[in-house]
>>> print(open('coords-v1.cif').read())   # mmCIF, C-alpha atoms and all ligand atoms
data_structure
#
loop_
_atom_site.label_atom_id
_atom_site.label_comp_id
_atom_site.auth_asym_id
_atom_site.auth_seq_id
_atom_site.Cartn_x
_atom_site.Cartn_y
_atom_site.Cartn_z
CA MET A 2 145.56 146.51 152.55
CA TYR A 3 141.83 146.66 151.79
CA ALA A 4 139.56 149.34 153.31
CA ARG A 5 136.18 148.36 154.73
CA PHE A 6 134.23 149.90 151.84
CA GLU A 7 136.51 148.21 149.32
CA ARG A 8 135.82 144.78 150.82
CA PHE A 9 132.09 145.47 150.97
CA TRP A 10 132.14 146.62 147.35
CA HIS A 11 134.25 143.67 146.21
CA TRP A 12 132.08 140.93 147.76
CA SER A 13 128.69 142.49 147.02
CA GLN A 14 129.76 143.12 143.42
CA ALA A 15 131.01 139.52 143.13
CA LEU A 16 127.69 138.19 144.44
CA LEU A 17 125.62 140.41 142.14
CA ILE A 18 127.70 139.59 139.07
CA ILE A 19 127.40 135.82 139.70
CA LEU A 20 123.64 136.26 140.16
CA MET A 21 123.41 138.32 136.97
CA LEU A 22 125.50 135.84 134.98
CA ALA A 23 123.26 132.99 136.18
CA THR A 24 119.98 134.81 135.44
CA GLY A 25 121.30 136.53 132.28
CA PHE A 26 122.25 133.27 130.60
CA GLU A 27 118.89 131.79 131.63
CA ILE A 28 117.18 134.75 129.89
CA HIS A 29 119.47 134.09 126.93
CA GLY A 30 118.09 130.53 126.80
CA SER A 31 121.30 128.68 127.67
CA TYR A 32 119.55 126.61 130.41
CA ALA A 33 116.46 126.57 132.64
CA LEU A 34 116.92 127.00 136.39
CA ILE A 35 114.30 129.29 137.95
CA GLY A 36 112.20 129.97 134.85
CA PHE A 37 112.40 132.82 132.32
CA GLU A 38 110.01 135.25 134.06
CA GLN A 39 111.62 134.88 137.47
CA ALA A 40 115.08 135.20 135.89
CA VAL A 41 113.98 138.50 134.28
CA SER A 42 112.69 139.82 137.65
CA VAL A 43 115.84 138.84 139.57
CA HIS A 44 118.05 140.21 136.75
CA SER A 45 116.24 143.54 136.55
CA PHE A 46 116.19 144.00 140.34
CA SER A 47 119.90 143.14 140.74
CA ALA A 48 120.69 145.51 137.85
CA TRP A 49 119.49 148.50 139.90
CA VAL A 50 121.40 147.33 142.99
CA LEU A 51 124.57 146.86 140.91
CA ILE A 52 124.21 150.26 139.23
CA GLY A 53 123.77 151.85 142.69
CA LEU A 54 126.83 150.03 144.00
CA TRP A 55 128.89 151.11 140.97
CA ILE A 56 127.92 154.77 141.56
CA PHE A 57 129.17 154.52 145.16
CA ALA A 58 132.32 152.71 144.02
CA TRP A 59 133.12 155.36 141.39
CA PHE A 60 132.59 158.06 144.04
CA TRP A 61 134.84 156.20 146.51
CA HIS A 62 137.63 155.72 143.93
CA LEU A 63 137.54 159.36 142.85
CA THR A 64 137.37 160.89 146.34
CA THR A 65 140.00 158.65 147.99
CA GLY A 66 142.46 158.80 145.06
CA GLU A 67 142.33 154.98 144.84
CA TRP A 68 141.72 155.31 141.08
CA LYS A 69 145.48 155.86 140.78
CA GLN A 70 145.96 152.16 141.48
CA TYR A 71 144.73 151.53 137.90
CA ILE A 72 147.22 153.79 136.07
CA PRO A 73 148.95 151.47 133.54
CA SER A 74 152.56 150.47 134.30
CA ALA A 75 155.56 150.88 132.01
CA PRO A 76 155.64 148.41 129.05
CA ASP A 77 158.73 146.51 130.36
CA ARG A 78 156.96 145.81 133.67
CA ILE A 79 153.88 144.60 131.78
CA LEU A 80 156.09 142.29 129.70
CA SER A 81 157.83 140.84 132.74
CA GLN A 82 154.42 140.15 134.31
CA ILE A 83 153.26 138.39 131.10
CA ARG A 84 156.51 136.36 131.05
CA PHE A 85 155.85 135.35 134.66
CA TYR A 86 152.28 134.13 134.03
CA ALA A 87 153.16 132.44 130.71
CA PHE A 88 156.35 130.61 131.76
CA GLU A 89 158.01 131.46 135.06
CA ILE A 90 155.05 130.54 137.27
CA PHE A 91 155.38 126.93 136.01
CA GLN A 92 159.13 126.93 136.76
CA GLY A 93 158.52 127.93 140.39
CA LYS A 94 160.20 131.34 139.94
CA ALA A 95 159.47 134.23 142.31
CA HIS A 96 156.64 136.65 141.57
CA PRO A 97 158.09 139.78 139.85
CA PHE A 98 155.66 142.12 141.65
CA HIS A 99 155.46 143.00 145.35
CA LYS A 100 152.31 144.51 146.73
CA LYS A 101 152.37 147.72 148.76
CA ARG A 102 149.42 149.62 150.24
CA ASP A 103 149.67 152.42 147.67
CA SER A 104 150.48 150.07 144.75
CA LYS A 105 148.66 146.84 145.25
CA LEU A 106 147.88 145.77 141.69
CA ASN A 107 150.43 144.08 139.44
CA PRO A 108 150.86 145.51 135.88
CA LEU A 109 148.40 143.04 134.35
CA GLN A 110 145.84 143.53 137.12
CA ARG A 111 146.04 147.28 136.50
CA LEU A 112 145.14 146.77 132.83
CA ALA A 113 142.48 144.15 133.55
CA TYR A 114 140.72 146.21 136.25
CA LEU A 115 140.98 149.41 134.26
CA SER A 116 139.23 147.75 131.30
CA LEU A 117 136.66 146.25 133.69
CA HIS A 118 135.83 149.69 135.12
CA VAL A 119 135.94 151.81 131.99
CA MET A 120 134.92 149.33 129.24
CA ILE A 121 133.15 146.12 130.32
CA GLY A 122 131.18 147.72 133.21
CA PRO A 123 129.87 150.71 131.20
CA ALA A 124 129.20 148.49 128.12
CA ILE A 125 127.05 146.22 130.28
CA TRP A 126 125.06 148.87 132.11
CA ILE A 127 124.54 151.15 129.11
CA SER A 128 123.39 148.25 126.88
CA GLY A 129 121.37 146.89 129.84
CA LEU A 130 119.50 150.18 130.31
CA LEU A 131 118.91 150.45 126.55
CA TYR A 132 117.53 146.89 126.71
CA LEU A 133 115.35 147.57 129.79
CA PHE A 134 113.82 150.77 128.43
CA TYR A 135 113.84 149.82 124.75
CA LYS A 136 110.15 150.55 124.24
CA ASP A 137 110.53 154.01 125.79
CA TRP A 138 113.62 154.92 123.71
CA ALA A 139 111.83 153.65 120.60
CA ALA A 140 108.65 155.63 121.40
CA MET A 141 110.76 158.80 121.79
CA GLU A 142 112.52 157.92 118.51
CA LEU A 143 115.87 158.03 120.29
CA PHE A 144 118.68 155.68 119.12
CA SER A 145 116.35 154.70 116.29
CA GLY A 146 119.23 153.26 114.28
CA ILE A 147 119.91 150.59 116.93
CA SER A 148 117.62 147.55 116.85
CA LEU A 149 116.83 145.45 119.91
CA THR A 150 118.82 142.59 118.37
CA ILE A 151 121.97 144.73 118.22
CA ILE A 152 121.46 145.87 121.84
CA ALA A 153 120.96 142.25 122.98
CA MET A 154 124.11 141.20 121.10
CA ILE A 155 126.22 143.98 122.67
CA HIS A 156 124.82 143.11 126.13
CA THR A 157 125.52 139.38 125.67
CA ALA A 158 129.04 140.04 124.30
CA ALA A 159 129.77 142.24 127.35
CA ALA A 160 128.39 139.45 129.59
CA PHE A 161 130.82 136.97 127.97
CA LEU A 162 133.69 139.41 128.64
CA MET A 163 132.54 139.67 132.26
CA LEU A 164 132.47 135.86 132.50
CA ALA A 165 136.01 135.68 131.06
CA PHE A 166 137.09 138.28 133.62
CA VAL A 167 135.60 136.26 136.50
CA VAL A 168 137.37 133.05 135.37
CA ALA A 169 140.76 134.77 134.89
CA HIS A 170 140.33 136.71 138.14
CA LEU A 171 139.70 133.53 140.17
CA TYR A 172 142.71 131.76 138.64
CA LEU A 173 145.05 134.73 139.11
CA ALA A 174 143.77 135.49 142.63
CA LEU A 175 144.78 131.97 143.67
CA THR A 176 148.30 132.40 142.24
CA MET A 177 148.89 135.90 143.61
CA ASP A 178 150.89 134.88 146.68
CA GLU A 179 152.84 131.86 147.81
CA HIS A 180 149.85 130.57 149.72
CA PRO A 181 146.87 130.24 147.31
CA LEU A 182 144.32 131.50 149.85
CA SER A 183 146.24 134.45 151.32
CA GLY A 184 144.70 136.92 148.81
CA LEU A 185 141.24 135.63 149.72
CA ARG A 186 141.96 136.03 153.44
CA ALA A 187 143.20 139.61 152.87
CA MET A 188 140.01 140.52 151.00
CA ILE A 189 137.98 139.27 154.01
CA THR A 190 140.02 140.65 156.92
CA GLY A 191 141.58 143.64 155.11
CA TYR A 192 145.07 142.70 156.34
CA GLU A 193 147.94 140.98 154.63
CA GLN A 194 151.29 139.71 155.96
CA ASP A 195 154.17 142.01 154.93
CA PRO A 196 156.80 139.75 153.29
CA ASP A 197 159.60 142.11 154.48
C1 LIG B 1 124.04 146.45 135.32
C2 LIG B 1 123.02 146.66 134.57
C3 LIG B 1 122.27 145.62 133.78
C4 LIG B 1 121.05 145.85 133.23
C5 LIG B 1 120.25 147.15 133.34
C6 LIG B 1 120.65 144.64 132.54
C7 LIG B 1 119.47 144.48 131.86
C8 LIG B 1 119.08 143.39 131.12
C9 LIG B 1 117.84 143.22 130.42
C10 LIG B 1 116.71 144.24 130.43
C11 LIG B 1 117.84 142.03 129.80
C12 LIG B 1 116.73 141.43 128.95
C13 LIG B 1 115.68 140.78 129.79
C14 LIG B 1 114.47 140.43 128.97
O1 LIG B 1 114.60 139.78 127.91
O2 LIG B 1 113.36 140.81 129.37
C15 LIG B 1 119.14 141.41 130.08
C16 LIG B 1 119.55 140.22 129.57
C17 LIG B 1 120.81 139.67 129.80
N1 LIG B 1 121.76 140.14 130.70
FE1 LIG B 1 121.69 141.91 131.67
N2 LIG B 1 121.63 143.70 132.66
C18 LIG B 1 122.65 144.26 133.42
C19 LIG B 1 123.81 143.63 133.82
C20 LIG B 1 124.18 142.37 133.40
C21 LIG B 1 125.38 141.67 133.85
C22 LIG B 1 126.36 142.21 134.90
C23 LIG B 1 125.42 140.49 133.17
C24 LIG B 1 126.43 139.40 133.24
C25 LIG B 1 127.64 139.55 133.70
C26 LIG B 1 124.28 140.42 132.30
C27 LIG B 1 123.99 139.39 131.42
C28 LIG B 1 122.86 139.30 130.64
C29 LIG B 1 122.62 138.27 129.64
C30 LIG B 1 123.57 137.15 129.24
C31 LIG B 1 121.32 138.50 129.11
C32 LIG B 1 120.63 137.72 128.00
C33 LIG B 1 120.79 138.51 126.70
C34 LIG B 1 120.01 137.94 125.54
O3 LIG B 1 120.10 136.76 125.25
O4 LIG B 1 119.28 138.71 124.89
N3 LIG B 1 123.53 141.58 132.47
N4 LIG B 1 119.86 142.26 130.89
#
>>> encode(input="coords-v1.cif", output="structure tokens")
Amino acid sequence: MYARFERFWHWSQALLIILMLATGFEIHGSYALIGFEQAVSVHSFSAWVLIGLWIFAWFWHLTTGEWKQYIPSAPDRILSQIRFYAFEIFQGKAHPFHKKRDSKLNPLQRLAYLSLHVMIGPAIWISGLLYLFYKDWAAMELFSGISLTIIAMIHTAAAFLMLAFVVAHLYLALTMDEHPLSGLRAMITGYEQDPD
């Protein structure tokens, strides 16, 4: 179900995002764990690793055709998936979606991952790079209409969206199959039991 690169990308991205959430909110002033200066160093270093990983991931998706997994489903399928998560899951009803190798994301996952890849991800790295090189942009009089405060607000808002994604992703990953940990096992081994 999951290729070797996909599993590598998934787990290294997860680790980096958790690290960046932890250091980012320390920089923001939400708490003190490792100290502001160290948080800035870890955050800036992980930023380059994450940007590098995202470049490889974009290349992998485009060259393998795996990007097609994120094409949005028909509205009625999206609605039945929403109905399942809002009501039917609590009534013990069967999952309306069945995973296949070439269509492994349910209609809501398709929308969530598509927005992660084309909206939240780019918003975070573009605002992050503007933040990191603010003095240089300002010296070149580029983006002169955008103040550092605005950039910091966009970056923090994107970080909150990323945090919301992580929380929803963990909850939904545990409810994906009958056994709560079978999705987790598949993302480690690459294989998943075929229900048929
Ligand atoms: C991927 C590229 C990224 C770059 C280049 C980047 C860069 C930066 C920079 C330069 C700062 C300011 C540090 C300082 O004050 O000296 C910052 C702050 C912050 N970052 Fe990132 N970051 C990136 C990704 C992320 C991610 C993935 C998250 C969380 C999911 C995140 C969350 C935050 C938060 C919450 C702050 C504090 C914002 C504030 O209060 O002003 N960043 N980031």
>>> axis_aligned_box(input="coords-v1.cif", around="ligand LIG 1 (chain B)", padding_each_side="6 Å", output="JSON")
{"center_x": 120.5, "center_y": 142.0, "center_z": 130.1, "size_x": 26.3, "size_y": 22.4, "size_z": 22.4}
>>> residues_near_ligand(input="coords-v1.cif", ligand="ligand LIG 1 (chain B)", cutoff="7 Å", atoms="only C-alpha atoms and all ligand atoms", output="list in words")
Ile18, Met21, Leu22, Gly25, Phe26, Ile28, His29, Gly30, Val41, His44, Ser45, Ala48, Trp49, Leu51, Ile52, Ile125, Trp126, Gly129, Leu130, Tyr132, Leu133, Ala153, Met154, His156, Thr157, Ala160, Met163 and Leu164 of chain A
>>> atom_distance(input="coords-v1.cif", atom1="CA of Ile35 (chain A)", atom2="CA of Trp138 (chain A)")
29.3 Å
>>> atom_distance(input="coords-v1.cif", atom1="CA of Asp178 (chain A)", atom2="CA of Leu109 (chain A)")
15.0 Å
>>> atom_distance(input="coords-v1.cif", atom1="CA of Val43 (chain A)", atom2="CA of Val167 (chain A)")
20.2 Å
>>> residues_around(input="coords-v1.cif", residues="Leu54 (chain A)", least_positions_apart="4", cutoff="9 Å", atoms="all atoms listed in the file", output="tab-separated table (two decimals) with C-alpha atoms, keeping the file's coordinate frame")
chain	number	residue	atom	x	y	z
A	10	TRP	CA	132.14	146.62	147.35
A	13	SER	CA	128.69	142.49	147.02
A	14	GLN	CA	129.76	143.12	143.42
A	49	TRP	CA	119.49	148.50	139.90
A	50	VAL	CA	121.40	147.33	142.99
A	58	ALA	CA	132.32	152.71	144.02
A	59	TRP	CA	133.12	155.36	141.39
>>> closest_residue(input="coords-v1.cif", among="A:Ile79, A:Ile152, A:Leu106, A:Leu16", to="Tyr3 (chain A)", atoms="all atoms listed in the file")
A:Leu106
>>> build_atoms(input="coords-v1.cif", residues="region 40-61 of chain A", atoms="N, CA and C atoms", output="mmCIF file, in the coordinates of the input")
data_model
loop_
_atom_site.group_PDB
_atom_site.id
_atom_site.type_symbol
_atom_site.label_atom_id
_atom_site.label_comp_id
_atom_site.auth_asym_id
_atom_site.auth_seq_id
_atom_site.Cartn_x
_atom_site.Cartn_y
_atom_site.Cartn_z
ATOM 1 N N ALA A 40 113.710 134.780 136.217
ATOM 2 C CA ALA A 40 115.080 135.200 135.890
ATOM 3 C C ALA A 40 115.088 136.674 135.484
ATOM 4 N N VAL A 41 114.074 137.090 134.700
ATOM 5 C CA VAL A 41 113.980 138.500 134.280
ATOM 6 C C VAL A 41 113.809 139.399 135.506
ATOM 7 N N SER A 42 112.913 138.974 136.458
ATOM 8 C CA SER A 42 112.690 139.820 137.650
ATOM 9 C C SER A 42 113.954 139.946 138.480
ATOM 10 N N VAL A 43 114.627 138.796 138.743
ATOM 11 C CA VAL A 43 115.840 138.840 139.570
ATOM 12 C C VAL A 43 116.906 139.687 138.860
ATOM 13 N N HIS A 44 117.033 139.489 137.531
ATOM 14 C CA HIS A 44 118.050 140.210 136.750
ATOM 15 C C HIS A 44 117.786 141.721 136.789
ATOM 16 N N SER A 45 116.533 142.105 136.599
ATOM 17 C CA SER A 45 116.240 143.540 136.550
ATOM 18 C C SER A 45 116.415 144.181 137.930
ATOM 19 N N PHE A 46 116.021 143.453 138.993
ATOM 20 C CA PHE A 46 116.190 144.000 140.340
ATOM 21 C C PHE A 46 117.677 144.146 140.672
ATOM 22 N N SER A 47 118.460 143.064 140.404
ATOM 23 C CA SER A 47 119.900 143.140 140.740
ATOM 24 C C SER A 47 120.592 144.212 139.918
ATOM 25 N N ALA A 48 120.077 144.488 138.701
ATOM 26 C CA ALA A 48 120.690 145.510 137.850
ATOM 27 C C ALA A 48 120.699 146.862 138.575
ATOM 28 N N TRP A 49 119.561 147.203 139.205
ATOM 29 C CA TRP A 49 119.490 148.500 139.900
ATOM 30 C C TRP A 49 120.422 148.525 141.102
ATOM 31 N N VAL A 50 120.503 147.382 141.821
ATOM 32 C CA VAL A 50 121.400 147.330 142.990
ATOM 33 C C VAL A 50 122.850 147.489 142.514
ATOM 34 N N LEU A 51 123.192 146.781 141.423
ATOM 35 C CA LEU A 51 124.570 146.860 140.910
ATOM 36 C C LEU A 51 124.905 148.268 140.405
ATOM 37 N N ILE A 52 123.958 148.892 139.716
ATOM 38 C CA ILE A 52 124.210 150.260 139.230
ATOM 39 C C ILE A 52 124.436 151.192 140.433
ATOM 40 N N GLY A 53 123.620 151.033 141.471
ATOM 41 C CA GLY A 53 123.770 151.850 142.690
ATOM 42 C C GLY A 53 125.145 151.629 143.318
ATOM 43 N N LEU A 54 125.534 150.365 143.401
ATOM 44 C CA LEU A 54 126.830 150.030 144.000
ATOM 45 C C LEU A 54 127.978 150.623 143.169
ATOM 46 N N TRP A 55 127.853 150.556 141.849
ATOM 47 C CA TRP A 55 128.890 151.110 140.970
ATOM 48 C C TRP A 55 128.995 152.623 141.135
ATOM 49 N N ILE A 56 127.867 153.304 141.353
ATOM 50 C CA ILE A 56 127.920 154.770 141.560
ATOM 51 C C ILE A 56 128.722 155.069 142.835
ATOM 52 N N PHE A 57 128.410 154.319 143.905
ATOM 53 C CA PHE A 57 129.170 154.520 145.160
ATOM 54 C C PHE A 57 130.646 154.207 144.959
ATOM 55 N N ALA A 58 130.930 153.124 144.217
ATOM 56 C CA ALA A 58 132.320 152.710 144.020
ATOM 57 C C ALA A 58 133.104 153.757 143.217
ATOM 58 N N TRP A 59 132.455 154.304 142.187
ATOM 59 C CA TRP A 59 133.120 155.360 141.390
ATOM 60 C C TRP A 59 133.407 156.559 142.304
ATOM 61 N N PHE A 60 132.433 156.930 143.123
ATOM 62 C CA PHE A 60 132.590 158.060 144.040
ATOM 63 C C PHE A 60 133.755 157.785 145.003
ATOM 64 N N TRP A 61 133.783 156.586 145.565
ATOM 65 C CA TRP A 61 134.840 156.200 146.510
ATOM 66 C C TRP A 61 136.219 156.272 145.839
#
